[in-house]
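Asks: Encoded as structure tokens, here's the structure I'll be asking about.
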Amino acid sequence: FRLSIYNLEPLFMDSAYYASLGRAIAEGDYLLQVNHLSDKPPLFFYIQALCFELLGVSESVAVLPSFLGGMISIGIIYLLGRDLKNSAAGLLAAFLFAISPMSVWLSATGLIDSLFMAVTLLSFWTLIHRRFYWAGFLIGIAFGMKQTILSFGPLYFLCLLIIEFHHHSGKEALYSVSKSVFKMLPGFFSVFLPVLYWSMFLTSERMKLFKYVLNFISGTHDTNFLGTSLDRLSFLQRGLGEVVGLSWHWIIGLFILSMLLLMGKIYQQWSLKRQLELNDKLHFCYNLFTLFFFFLLLFVASKYLAWYVFPVFPFLILTGSITLVELINTRYLNWDKNARGKIIISILGAITLISVFSFATARVSQIGENLRNSPIQGAQEIIKEIKPFLQNGDNFIFEEDLGWMLRYYLFGEKYRNLHYDFGDENMQNMKSILLQEPYTNFYLLLYRPKYSDIVPINKILSPEYRVEEIIRNNRDNFRFYKIVPVSPELLSGSQKLPEKWGKEWE
């Protein structure tokens, strides 16, 4: 599934920016002291840099860490399902995760999420098995890639309490919790302290890594909350469908059923005065965290995108798989029935798995088709064409949404670039820059969704300037223009400066 769409699309937006940082490290900027503008911790960029160093700089190598993270996650989610229930639940969870369209897509792009989730899931597996040093070390690695790990803090702490109070009681349990935390700290700080030092003293964007978190806690951060909570709910429904590959009704239905079964078990064990099994306690804990994460997406997160559901997706997969296996093992659908019952259950199970697989195949195929026809196809081709225009003199490219792509594909070229649309300014900044720099060569690069922008751009630049098309690539996905003055007289009239120093000279 992953190989079918691997590296089909040129690097664009975040993936291109991350690759450019990894490339900068691989080519000598070891501490990212130059041109580092990311709000993400640096560990993923160093992993990409290592891949570039070993295999050479290319788009397929930039995507490799994400691909490996997605593949590793399949094995880890099997281990979690096996240890929380049995091998059948583990295999079902691994199968569903392997064919999930969003999981496949994130594995085939150069984004951080896939590798980040592999490390996060492995940290929970080590925590369940009370390997506290390694759990702390893996949490530190996850933090070194993405601050999203901070939202998992309550889940780690609750799981630790459940594990220790399951094996101990009273003061002994509290002592064991404290001891476990101290065992986790060396591993965590072995990664966290270097990241903190890097953020404070080395990177060109010092402390930006922690700025958002600190401002949010202090209440000074403007969240720019997009949409109402009701809108977010509908986005969440669609996001669940995109991530899992099934209708959100199935996902939420299995989740509610799982909670009812778990509460029934808790009541049954409480009435019999028996201790609930550890795996049931942890499963219930994961479900509570899922509700907490949904709360964050609906009421706290400043914006919402489909893959924002991805961090909680493995827990939904585990819940669904465990619940289905438990349903099969109930006294109504158990394997001790006669051959006819077993055949019926097997047929229903096979039909369900085949239908899920068919839907996932169709969805991944559609993703592949969209990537092959994406408006940024031909990026490498157009970059080769425009490079000669940027190699001599002072050059400036106006673009929108293409800056990070240019950063990777034009790595090392001496040029400047700027988004031409600054919201309310409505492209007026473009003309002001043109008037201020009469000796600079100005170009404009558009990709297919932005071709209509040429009309307002021409309107704003006239009468002093006009836009001339120079190059378009074979698929007509990119068009490259030069901005030229219409008349020297018009420009000299607007730029006439007095002989004495004054405000006009500014």
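Starting from 1 in every chain, residues are counted up; chains themselves are A, B, ... following the order of the structure tokens, and ligands are numbered from 1 as listed.
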Excluding Leu150 (chain A) and residues on its chain fewer than 2 positions from it, collect all residues at most 12 Å away from it, counting only C-alpha atoms, and give them as a list in words.
Replies: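 Result of the neighbour search: Thr120, Ile139, Gly140, Ala142, Phe143, Gly144, Met145, Lys146, Gln147, Thr148, Phe152, Gly153, Pro154, Leu155, Tyr156, Phe157, Phe210, Val213, Phe293 and Pro311 of chain A.
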Asks: Taking N, CA and C atoms for each residue, export the selection above as a PDB file, in the first residue's frame.
Replies:
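Just written: again-v2.pdb:
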```
ATOM      1  N   THR A 120       6.165   7.044  19.811  1.00  0.00           N
ATOM      2  CA  THR A 120       5.191   7.210  20.899  1.00  0.00           C
ATOM      3  C   THR A 120       4.560   5.871  21.278  1.00  0.00           C
ATOM      4  N   ILE A 139      10.104   8.753  25.249  1.00  0.00           N
ATOM      5  CA  ILE A 139       9.302   9.976  25.388  1.00  0.00           C
ATOM      6  C   ILE A 139      10.153  11.187  25.022  1.00  0.00           C
ATOM      7  N   GLY A 140      11.423  11.178  25.453  1.00  0.00           N
ATOM      8  CA  GLY A 140      12.331  12.259  25.093  1.00  0.00           C
ATOM      9  C   GLY A 140      12.551  12.345  23.591  1.00  0.00           C
ATOM     10  N   ALA A 142      10.445  11.309  21.272  1.00  0.00           N
ATOM     11  CA  ALA A 142       9.192  11.815  20.700  1.00  0.00           C
ATOM     12  C   ALA A 142       9.111  13.332  20.858  1.00  0.00           C
ATOM     13  N   PHE A 143       9.507  13.840  22.035  1.00  0.00           N
ATOM     14  CA  PHE A 143       9.517  15.299  22.234  1.00  0.00           C
ATOM     15  C   PHE A 143      10.530  15.963  21.314  1.00  0.00           C
ATOM     16  N   GLY A 144      11.636  15.280  21.041  1.00  0.00           N
ATOM     17  CA  GLY A 144      12.649  15.826  20.141  1.00  0.00           C
ATOM     18  C   GLY A 144      12.173  15.954  18.711  1.00  0.00           C
ATOM     19  N   MET A 145      11.015  15.339  18.384  1.00  0.00           N
ATOM     20  CA  MET A 145      10.465  15.435  17.037  1.00  0.00           C
ATOM     21  C   MET A 145       9.245  16.349  16.957  1.00  0.00           C
ATOM     22  N   LYS A 146       8.400  16.340  18.009  1.00  0.00           N
ATOM     23  CA  LYS A 146       7.159  17.106  17.914  1.00  0.00           C
ATOM     24  C   LYS A 146       6.600  17.376  19.299  1.00  0.00           C
ATOM     25  N   GLN A 147       6.140  18.628  19.527  1.00  0.00           N
ATOM     26  CA  GLN A 147       5.615  18.978  20.846  1.00  0.00           C
ATOM     27  C   GLN A 147       4.265  18.347  21.145  1.00  0.00           C
ATOM     28  N   THR A 148       3.648  17.681  20.166  1.00  0.00           N
ATOM     29  CA  THR A 148       2.367  17.008  20.398  1.00  0.00           C
ATOM     30  C   THR A 148       2.458  16.018  21.554  1.00  0.00           C
ATOM     31  N   PHE A 152       0.159  14.021  25.499  1.00  0.00           N
ATOM     32  CA  PHE A 152       0.120  12.651  26.011  1.00  0.00           C
ATOM     33  C   PHE A 152       0.522  12.570  27.484  1.00  0.00           C
ATOM     34  N   GLY A 153       0.960  13.703  28.050  1.00  0.00           N
ATOM     35  CA  GLY A 153       1.411  13.703  29.438  1.00  0.00           C
ATOM     36  C   GLY A 153       0.415  13.092  30.412  1.00  0.00           C
ATOM     37  N   PRO A 154      -0.866  13.521  30.394  1.00  0.00           N
ATOM     38  CA  PRO A 154      -1.841  12.915  31.314  1.00  0.00           C
ATOM     39  C   PRO A 154      -1.977  11.405  31.128  1.00  0.00           C
ATOM     40  N   LEU A 155      -1.866  10.926  29.882  1.00  0.00           N
ATOM     41  CA  LEU A 155      -2.000   9.493  29.631  1.00  0.00           C
ATOM     42  C   LEU A 155      -0.815   8.725  30.216  1.00  0.00           C
ATOM     43  N   TYR A 156       0.408   9.238  30.031  1.00  0.00           N
ATOM     44  CA  TYR A 156       1.583   8.578  30.613  1.00  0.00           C
ATOM     45  C   TYR A 156       1.449   8.487  32.132  1.00  0.00           C
ATOM     46  N   PHE A 157       1.059   9.596  32.752  1.00  0.00           N
ATOM     47  CA  PHE A 157       0.970   9.627  34.212  1.00  0.00           C
ATOM     48  C   PHE A 157      -0.114   8.681  34.715  1.00  0.00           C
ATOM     49  N   PHE A 210       9.680  26.682  22.351  1.00  0.00           N
ATOM     50  CA  PHE A 210       8.884  26.682  23.582  1.00  0.00           C
ATOM     51  C   PHE A 210       7.956  27.895  23.686  1.00  0.00           C
ATOM     52  N   VAL A 213       4.108  27.114  23.694  1.00  0.00           N
ATOM     53  CA  VAL A 213       3.661  26.420  24.906  1.00  0.00           C
ATOM     54  C   VAL A 213       3.600  27.397  26.079  1.00  0.00           C
ATOM     55  N   PHE A 293      -8.471  13.830  24.077  1.00  0.00           N
ATOM     56  CA  PHE A 293      -7.874  14.343  22.851  1.00  0.00           C
ATOM     57  C   PHE A 293      -8.932  14.963  21.943  1.00  0.00           C
ATOM     58  N   PRO A 311      -2.766  11.281  15.946  1.00  0.00           N
ATOM     59  CA  PRO A 311      -2.147  10.842  17.208  1.00  0.00           C
ATOM     60  C   PRO A 311      -3.016   9.935  18.061  1.00  0.00           C
TER      61      PRO A 311
END
```
Asks: Could you check the closest approach to Val312 (chain A) for each of A:Ser151, A:Ser169, A:Thr440, A:Gln380 and tell me which residue wins, using only C-alpha atoms?
Replies: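 Of A:Ser151, A:Ser169, A:Thr440, A:Gln380, the one nearest Val312 (chain A) is A:Ser151, counting only C-alpha atoms.
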Asks: Any chance you could list, as an MDAnalysis selection string, the residues in region 446-503 of chain A that come up helix (DSSP H, G or I) when DSSP is run on the backbone?
Replies: chainID A and resid 448:461 488:494 503
Asks: Between CA of Gly90 (chain A) and CA of Ser358 (chain A), what distance in Å does the model show, to one decimal?
Replies: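 That distance, rounded to one decimal, is 20.9 Å.
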Asks: Would you kindly return, as an MDAnalysis selection string, each protein, DNA or RNA residue with an atom no farther than 8 Å from any atom of Ile5 (chain A), considering only C-alpha atoms and excluding same-chain residues fewer than 6 positions away?
Replies: chainID A and resid 105 108 364 367:368 371
Asks: To one decimal in Å, tell me the separation between CA of Phe116 (chain A) and CA of Phe67 (chain A).
Replies: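 Separating CA of Phe116 (chain A) from CA of Phe67 (chain A) is a distance of 11.5 Å.
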Asks: Please provide the set of residues having any atom within 9 Å of region 272-286 of chain A, restricted to only C-alpha atoms, with same-chain residues fewer than 2 positions apart removed, written as a JSON list (two decimals) with all heavy atoms, in the first residue's frame.
Replies:
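The new file selection32.json reads:
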```
[["chain", "number", "residue", "atom", "x", "y", "z"],
["A", 83, "ASP", "N", -0.69, -7.66, 23.86],
["A", 83, "ASP", "CA", -0.49, -7.58, 25.31],
["A", 83, "ASP", "C", -1.72, -7.04, 26.03],
["A", 83, "ASP", "O", -1.91, -7.32, 27.21],
["A", 83, "ASP", "CB", 0.72, -6.69, 25.62],
["A", 83, "ASP", "CG", 2.02, -7.32, 25.13],
["A", 83, "ASP", "OD1", 2.02, -8.53, 24.83],
["A", 83, "ASP", "OD2", 3.03, -6.60, 25.02],
["A", 84, "LEU", "N", -2.54, -6.27, 25.35],
["A", 84, "LEU", "CA", -3.77, -5.77, 25.97],
["A", 84, "LEU", "C", -4.91, -6.78, 25.89],
["A", 84, "LEU", "O", -5.83, -6.75, 26.71],
["A", 84, "LEU", "CB", -4.21, -4.46, 25.32],
["A", 84, "LEU", "CG", -3.34, -3.23, 25.63],
["A", 84, "LEU", "CD1", -3.79, -2.05, 24.78],
["A", 84, "LEU", "CD2", -3.40, -2.87, 27.11],
["A", 85, "LYS", "N", -4.86, -7.69, 24.87],
["A", 85, "LYS", "CA", -5.92, -8.69, 24.75],
["A", 85, "LYS", "C", -5.34, -10.05, 24.38],
["A", 85, "LYS", "O", -5.15, -10.91, 25.22],
["A", 85, "LYS", "CB", -6.94, -8.22, 23.70],
["A", 85, "LYS", "CG", -8.15, -9.15, 23.59],
["A", 85, "LYS", "CD", -8.94, -9.17, 24.90],
["A", 85, "LYS", "CE", -10.12, -10.12, 24.82],
["A", 85, "LYS", "NZ", -10.86, -10.20, 26.09],
["A", 128, "ILE", "N", 4.22, -0.25, 29.61],
["A", 128, "ILE", "CA", 3.39, -1.37, 30.05],
["A", 128, "ILE", "C", 4.25, -2.48, 30.65],
["A", 128, "ILE", "O", 3.87, -3.12, 31.64],
["A", 128, "ILE", "CB", 2.55, -1.91, 28.86],
["A", 128, "ILE", "CG1", 1.46, -0.91, 28.49],
["A", 128, "ILE", "CG2", 1.93, -3.26, 29.20],
["A", 128, "ILE", "CD1", 0.71, -1.29, 27.23],
["A", 155, "LEU", "N", -1.87, 10.93, 29.88],
["A", 155, "LEU", "CA", -2.00, 9.49, 29.63],
["A", 155, "LEU", "C", -0.81, 8.73, 30.22],
["A", 155, "LEU", "O", -1.00, 7.67, 30.83],
["A", 155, "LEU", "CB", -2.11, 9.23, 28.13],
["A", 155, "LEU", "CG", -2.21, 7.76, 27.70],
["A", 155, "LEU", "CD1", -3.40, 7.08, 28.35],
["A", 155, "LEU", "CD2", -2.30, 7.65, 26.18],
["A", 158, "LEU", "N", -1.28, 8.68, 34.05],
["A", 158, "LEU", "CA", -2.38, 7.81, 34.47],
["A", 158, "LEU", "C", -2.00, 6.34, 34.29],
["A", 158, "LEU", "O", -2.30, 5.50, 35.16],
["A", 158, "LEU", "CB", -3.63, 8.16, 33.67],
["A", 158, "LEU", "CG", -4.95, 7.50, 34.12],
["A", 158, "LEU", "CD1", -5.23, 7.79, 35.58],
["A", 158, "LEU", "CD2", -6.10, 7.99, 33.24],
["A", 159, "CYS", "N", -1.34, 6.02, 33.18],
["A", 159, "CYS", "CA", -0.91, 4.63, 32.95],
["A", 159, "CYS", "C", 0.08, 4.19, 34.02],
["A", 159, "CYS", "O", 0.01, 3.05, 34.52],
["A", 159, "CYS", "CB", -0.26, 4.50, 31.57],
["A", 159, "CYS", "SG", -1.42, 4.46, 30.21],
["A", 162, "ILE", "N", -1.81, 3.48, 37.21],
["A", 162, "ILE", "CA", -2.57, 2.22, 37.09],
["A", 162, "ILE", "C", -1.65, 1.02, 37.23],
["A", 162, "ILE", "O", -1.95, 0.06, 37.96],
["A", 162, "ILE", "CB", -3.32, 2.19, 35.74],
["A", 162, "ILE", "CG1", -4.49, 3.17, 35.77],
["A", 162, "ILE", "CG2", -3.83, 0.78, 35.44],
["A", 162, "ILE", "CD1", -5.17, 3.34, 34.43],
["A", 163, "ILE", "N", -0.50, 1.07, 36.57],
["A", 163, "ILE", "CA", 0.44, -0.06, 36.60],
["A", 163, "ILE", "C", 0.97, -0.29, 38.01],
["A", 163, "ILE", "O", 0.99, -1.43, 38.51],
["A", 163, "ILE", "CB", 1.61, 0.19, 35.61],
["A", 163, "ILE", "CG1", 1.09, 0.11, 34.17],
["A", 163, "ILE", "CG2", 2.72, -0.83, 35.82],
["A", 163, "ILE", "CD1", 2.06, 0.64, 33.14],
["A", 166, "HIS", "N", -1.66, -1.36, 40.52],
["A", 166, "HIS", "CA", -2.10, -2.73, 40.25],
["A", 166, "HIS", "C", -1.16, -3.73, 40.93],
["A", 166, "HIS", "O", -1.61, -4.78, 41.43],
["A", 166, "HIS", "CB", -2.13, -2.99, 38.74],
["A", 166, "HIS", "CG", -2.60, -4.37, 38.39],
["A", 166, "HIS", "ND1", -3.93, -4.71, 38.33],
["A", 166, "HIS", "CD2", -1.91, -5.51, 38.09],
["A", 166, "HIS", "CE1", -4.04, -5.98, 38.00],
["A", 166, "HIS", "NE2", -2.83, -6.50, 37.84],
["A", 258, "SER", "N", -17.23, -0.34, 23.35],
["A", 258, "SER", "CA", -16.07, -0.68, 24.16],
["A", 258, "SER", "C", -16.19, -0.12, 25.57],
["A", 258, "SER", "O", -15.91, -0.82, 26.56],
["A", 258, "SER", "CB", -14.80, -0.13, 23.50],
["A", 258, "SER", "OG", -13.68, -0.27, 24.34],
["A", 259, "MET", "N", -16.63, 1.14, 25.69],
["A", 259, "MET", "CA", -16.79, 1.75, 27.01],
["A", 259, "MET", "C", -17.86, 1.01, 27.83],
["A", 259, "MET", "O", -17.69, 0.79, 29.04],
["A", 259, "MET", "CB", -17.16, 3.23, 26.86],
["A", 259, "MET", "CG", -16.04, 4.09, 26.30],
["A", 259, "MET", "SD", -14.62, 4.22, 27.41],
["A", 259, "MET", "CE", -15.26, 5.34, 28.65],
["A", 262, "LEU", "N", -16.41, -2.28, 29.02],
["A", 262, "LEU", "CA", -15.43, -2.08, 30.09],
["A", 262, "LEU", "C", -16.12, -1.71, 31.41],
["A", 262, "LEU", "O", -15.75, -2.21, 32.47],
["A", 262, "LEU", "CB", -14.44, -0.98, 29.69],
["A", 262, "LEU", "CG", -13.37, -1.41, 28.67],
["A", 262, "LEU", "CD1", -12.63, -0.20, 28.12],
["A", 262, "LEU", "CD2", -12.38, -2.37, 29.31],
["A", 263, "MET", "N", -17.13, -0.83, 31.34],
["A", 263, "MET", "CA", -17.86, -0.47, 32.56],
["A", 263, "MET", "C", -18.62, -1.66, 33.13],
["A", 263, "MET", "O", -18.73, -1.82, 34.34],
["A", 263, "MET", "CB", -18.79, 0.71, 32.28],
["A", 263, "MET", "CG", -18.04, 2.04, 32.13],
["A", 263, "MET", "SD", -19.11, 3.49, 32.05],
["A", 263, "MET", "CE", -19.77, 3.33, 30.40],
["A", 265, "LYS", "N", -17.57, -4.78, 32.89],
["A", 265, "LYS", "CA", -16.53, -5.58, 33.56],
["A", 265, "LYS", "C", -16.18, -5.00, 34.92],
["A", 265, "LYS", "O", -16.01, -5.72, 35.91],
["A", 265, "LYS", "CB", -15.27, -5.62, 32.69],
["A", 265, "LYS", "CG", -15.30, -6.65, 31.57],
["A", 265, "LYS", "CD", -13.93, -6.70, 30.91],
["A", 265, "LYS", "CE", -13.95, -7.72, 29.79],
["A", 265, "LYS", "NZ", -12.63, -7.80, 29.12],
["A", 266, "ILE", "N", -16.04, -3.66, 34.96],
["A", 266, "ILE", "CA", -15.68, -3.00, 36.22],
["A", 266, "ILE", "C", -16.75, -3.27, 37.28],
["A", 266, "ILE", "O", -16.45, -3.61, 38.43],
["A", 266, "ILE", "CB", -15.50, -1.48, 35.99],
["A", 266, "ILE", "CG1", -14.26, -1.23, 35.12],
["A", 266, "ILE", "CG2", -15.37, -0.75, 37.32],
["A", 266, "ILE", "CD1", -14.12, 0.21, 34.65],
["A", 267, "TYR", "N", -18.02, -3.13, 36.88],
["A", 267, "TYR", "CA", -19.12, -3.37, 37.82],
["A", 267, "TYR", "C", -19.14, -4.82, 38.28],
["A", 267, "TYR", "O", -19.31, -5.12, 39.47],
["A", 267, "TYR", "CB", -20.46, -2.99, 37.18],
["A", 267, "TYR", "CG", -21.64, -3.32, 38.06],
["A", 267, "TYR", "CD1", -21.95, -2.52, 39.17],
["A", 267, "TYR", "CD2", -22.43, -4.45, 37.81],
["A", 267, "TYR", "CE1", -23.03, -2.84, 39.98],
["A", 267, "TYR", "CE2", -23.50, -4.76, 38.62],
["A", 267, "TYR", "CZ", -23.80, -3.95, 39.70],
["A", 267, "TYR", "OH", -24.86, -4.27, 40.52],
["A", 268, "GLN", "N", -18.92, -5.75, 37.33],
["A", 268, "GLN", "CA", -18.95, -7.18, 37.66],
["A", 268, "GLN", "C", -17.84, -7.54, 38.66],
["A", 268, "GLN", "O", -18.07, -8.23, 39.65],
["A", 268, "GLN", "CB", -18.80, -8.00, 36.39],
["A", 268, "GLN", "CG", -18.92, -9.51, 36.62],
["A", 268, "GLN", "CD", -18.72, -10.29, 35.34],
["A", 268, "GLN", "OE1", -17.93, -9.89, 34.49],
["A", 268, "GLN", "NE2", -19.45, -11.38, 35.19],
["A", 269, "GLN", "N", -16.62, -7.03, 38.38],
["A", 269, "GLN", "CA", -15.49, -7.33, 39.28],
["A", 269, "GLN", "C", -15.68, -6.67, 40.63],
["A", 269, "GLN", "O", -15.31, -7.23, 41.67],
["A", 269, "GLN", "CB", -14.17, -6.86, 38.64],
["A", 269, "GLN", "CG", -13.82, -7.57, 37.33],
["A", 269, "GLN", "CD", -13.69, -9.07, 37.52],
["A", 269, "GLN", "OE1", -13.13, -9.55, 38.51],
["A", 269, "GLN", "NE2", -14.22, -9.83, 36.56],
["A", 270, "TRP", "N", -16.26, -5.46, 40.63],
["A", 270, "TRP", "CA", -16.50, -4.76, 41.90],
["A", 270, "TRP", "C", -17.53, -5.51, 42.73],
["A", 270, "TRP", "O", -17.38, -5.65, 43.95],
["A", 270, "TRP", "CB", -16.97, -3.33, 41.60],
["A", 270, "TRP", "CG", -17.34, -2.56, 42.83],
["A", 270, "TRP", "CD1", -16.50, -1.98, 43.75],
["A", 270, "TRP", "CD2", -18.68, -2.29, 43.30],
["A", 270, "TRP", "NE1", -17.22, -1.37, 44.74],
["A", 270, "TRP", "CE2", -18.56, -1.54, 44.49],
["A", 270, "TRP", "CE3", -19.95, -2.61, 42.82],
["A", 270, "TRP", "CZ2", -19.67, -1.10, 45.21],
["A", 270, "TRP", "CZ3", -21.05, -2.17, 43.53],
["A", 270, "TRP", "CH2", -20.91, -1.43, 44.71],
["A", 288, "LEU", "N", -10.29, 6.89, 27.85],
["A", 288, "LEU", "CA", -10.43, 8.20, 28.49],
["A", 288, "LEU", "C", -9.54, 9.22, 27.80],
["A", 288, "LEU", "O", -9.94, 10.38, 27.59],
["A", 288, "LEU", "CB", -10.07, 8.11, 29.97],
["A", 288, "LEU", "CG", -11.05, 7.35, 30.87],
["A", 288, "LEU", "CD1", -10.53, 7.33, 32.31],
["A", 288, "LEU", "CD2", -12.44, 7.99, 30.83],
["A", 289, "PHE", "N", -8.33, 8.79, 27.43],
["A", 289, "PHE", "CA", -7.43, 9.71, 26.73],
["A", 289, "PHE", "C", -7.99, 10.09, 25.36],
["A", 289, "PHE", "O", -7.84, 11.24, 24.93],
["A", 289, "PHE", "CB", -6.04, 9.07, 26.55],
["A", 289, "PHE", "CG", -5.13, 9.87, 25.67],
["A", 289, "PHE", "CD1", -4.58, 11.06, 26.13],
["A", 289, "PHE", "CD2", -4.84, 9.46, 24.38],
["A", 289, "PHE", "CE1", -3.76, 11.83, 25.32],
["A", 289, "PHE", "CE2", -4.02, 10.21, 23.56],
["A", 289, "PHE", "CZ", -3.46, 11.39, 24.03],
["A", 290, "THR", "N", -8.64, 9.16, 24.69],
["A", 290, "THR", "CA", -9.25, 9.46, 23.40],
["A", 290, "THR", "C", -10.29, 10.56, 23.55],
["A", 290, "THR", "O", -10.34, 11.51, 22.75],
["A", 290, "THR", "CB", -9.91, 8.20, 22.81],
["A", 290, "THR", "OG1", -8.91, 7.19, 22.64],
["A", 290, "THR", "CG2", -10.56, 8.48, 21.47],
["A", 291, "LEU", "N", -11.12, 10.49, 24.59],
["A", 291, "LEU", "CA", -12.11, 11.54, 24.85],
["A", 291, "LEU", "C", -11.42, 12.86, 25.15],
["A", 291, "LEU", "O", -11.84, 13.92, 24.67],
["A", 291, "LEU", "CB", -13.00, 11.13, 26.03],
["A", 291, "LEU", "CG", -13.96, 9.96, 25.79],
["A", 291, "LEU", "CD1", -14.67, 9.58, 27.09],
["A", 291, "LEU", "CD2", -14.98, 10.31, 24.71],
["A", 315, "PHE", "N", -5.03, 4.35, 19.09],
["A", 315, "PHE", "CA", -5.82, 3.92, 20.24],
["A", 315, "PHE", "C", -7.25, 3.57, 19.82],
["A", 315, "PHE", "O", -7.87, 2.67, 20.39],
["A", 315, "PHE", "CB", -5.82, 5.02, 21.31],
["A", 315, "PHE", "CG", -4.44, 5.35, 21.80],
["A", 315, "PHE", "CD1", -3.81, 6.51, 21.41],
["A", 315, "PHE", "CD2", -3.76, 4.48, 22.64],
["A", 315, "PHE", "CE1", -2.53, 6.81, 21.85],
["A", 315, "PHE", "CE2", -2.48, 4.77, 23.08],
["A", 315, "PHE", "CZ", -1.87, 5.94, 22.68],
["A", 316, "LEU", "N", -7.78, 4.28, 18.83],
["A", 316, "LEU", "CA", -9.09, 3.91, 18.29],
["A", 316, "LEU", "C", -9.03, 2.55, 17.60],
["A", 316, "LEU", "O", -9.95, 1.74, 17.73],
["A", 316, "LEU", "CB", -9.55, 4.97, 17.29],
["A", 316, "LEU", "CG", -10.03, 6.31, 17.86],
["A", 316, "LEU", "CD1", -10.22, 7.33, 16.74],
["A", 316, "LEU", "CD2", -11.33, 6.14, 18.63],
["A", 318, "LEU", "N", -6.92, 0.11, 18.31],
["A", 318, "LEU", "CA", -6.80, -0.90, 19.36],
["A", 318, "LEU", "C", -8.15, -1.16, 20.02],
["A", 318, "LEU", "O", -8.53, -2.31, 20.25],
["A", 318, "LEU", "CB", -5.78, -0.45, 20.41],
["A", 318, "LEU", "CG", -4.30, -0.55, 20.00],
["A", 318, "LEU", "CD1", -3.43, 0.19, 21.00],
["A", 318, "LEU", "CD2", -3.87, -2.01, 19.92],
["A", 319, "THR", "N", -8.87, -0.09, 20.31],
["A", 319, "THR", "CA", -10.19, -0.23, 20.93],
["A", 319, "THR", "C", -11.14, -1.03, 20.05],
["A", 319, "THR", "O", -11.82, -1.96, 20.51],
["A", 319, "THR", "CB", -10.79, 1.16, 21.22],
["A", 319, "THR", "OG1", -10.07, 1.77, 22.28],
["A", 319, "THR", "CG2", -12.25, 1.04, 21.64],
["A", 322, "ILE", "N", -9.95, -4.82, 19.87],
["A", 322, "ILE", "CA", -10.20, -5.54, 21.13],
["A", 322, "ILE", "C", -11.69, -5.79, 21.31],
["A", 322, "ILE", "O", -12.13, -6.88, 21.72],
["A", 322, "ILE", "CB", -9.61, -4.75, 22.32],
["A", 322, "ILE", "CG1", -8.08, -4.77, 22.24],
["A", 322, "ILE", "CG2", -10.09, -5.33, 23.65],
["A", 322, "ILE", "CD1", -7.42, -3.83, 23.23]]
```
Asks: Neighbours of Asn477 (chain A) within 8 Å (only C-alpha atoms; same-chain residues fewer than 3 positions away dropped), as a list in words?
Replies: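 The filter keeps Pro375, Ile376, Gln377, Gly378, Tyr447, Arg448, Arg472, Asn473 and Asn474 of chain A.
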Asks: So what do you get for CA of Gln237 (chain A) versus CA of Gly320 (chain A), distance-wise?
Replies: 16.5 Å
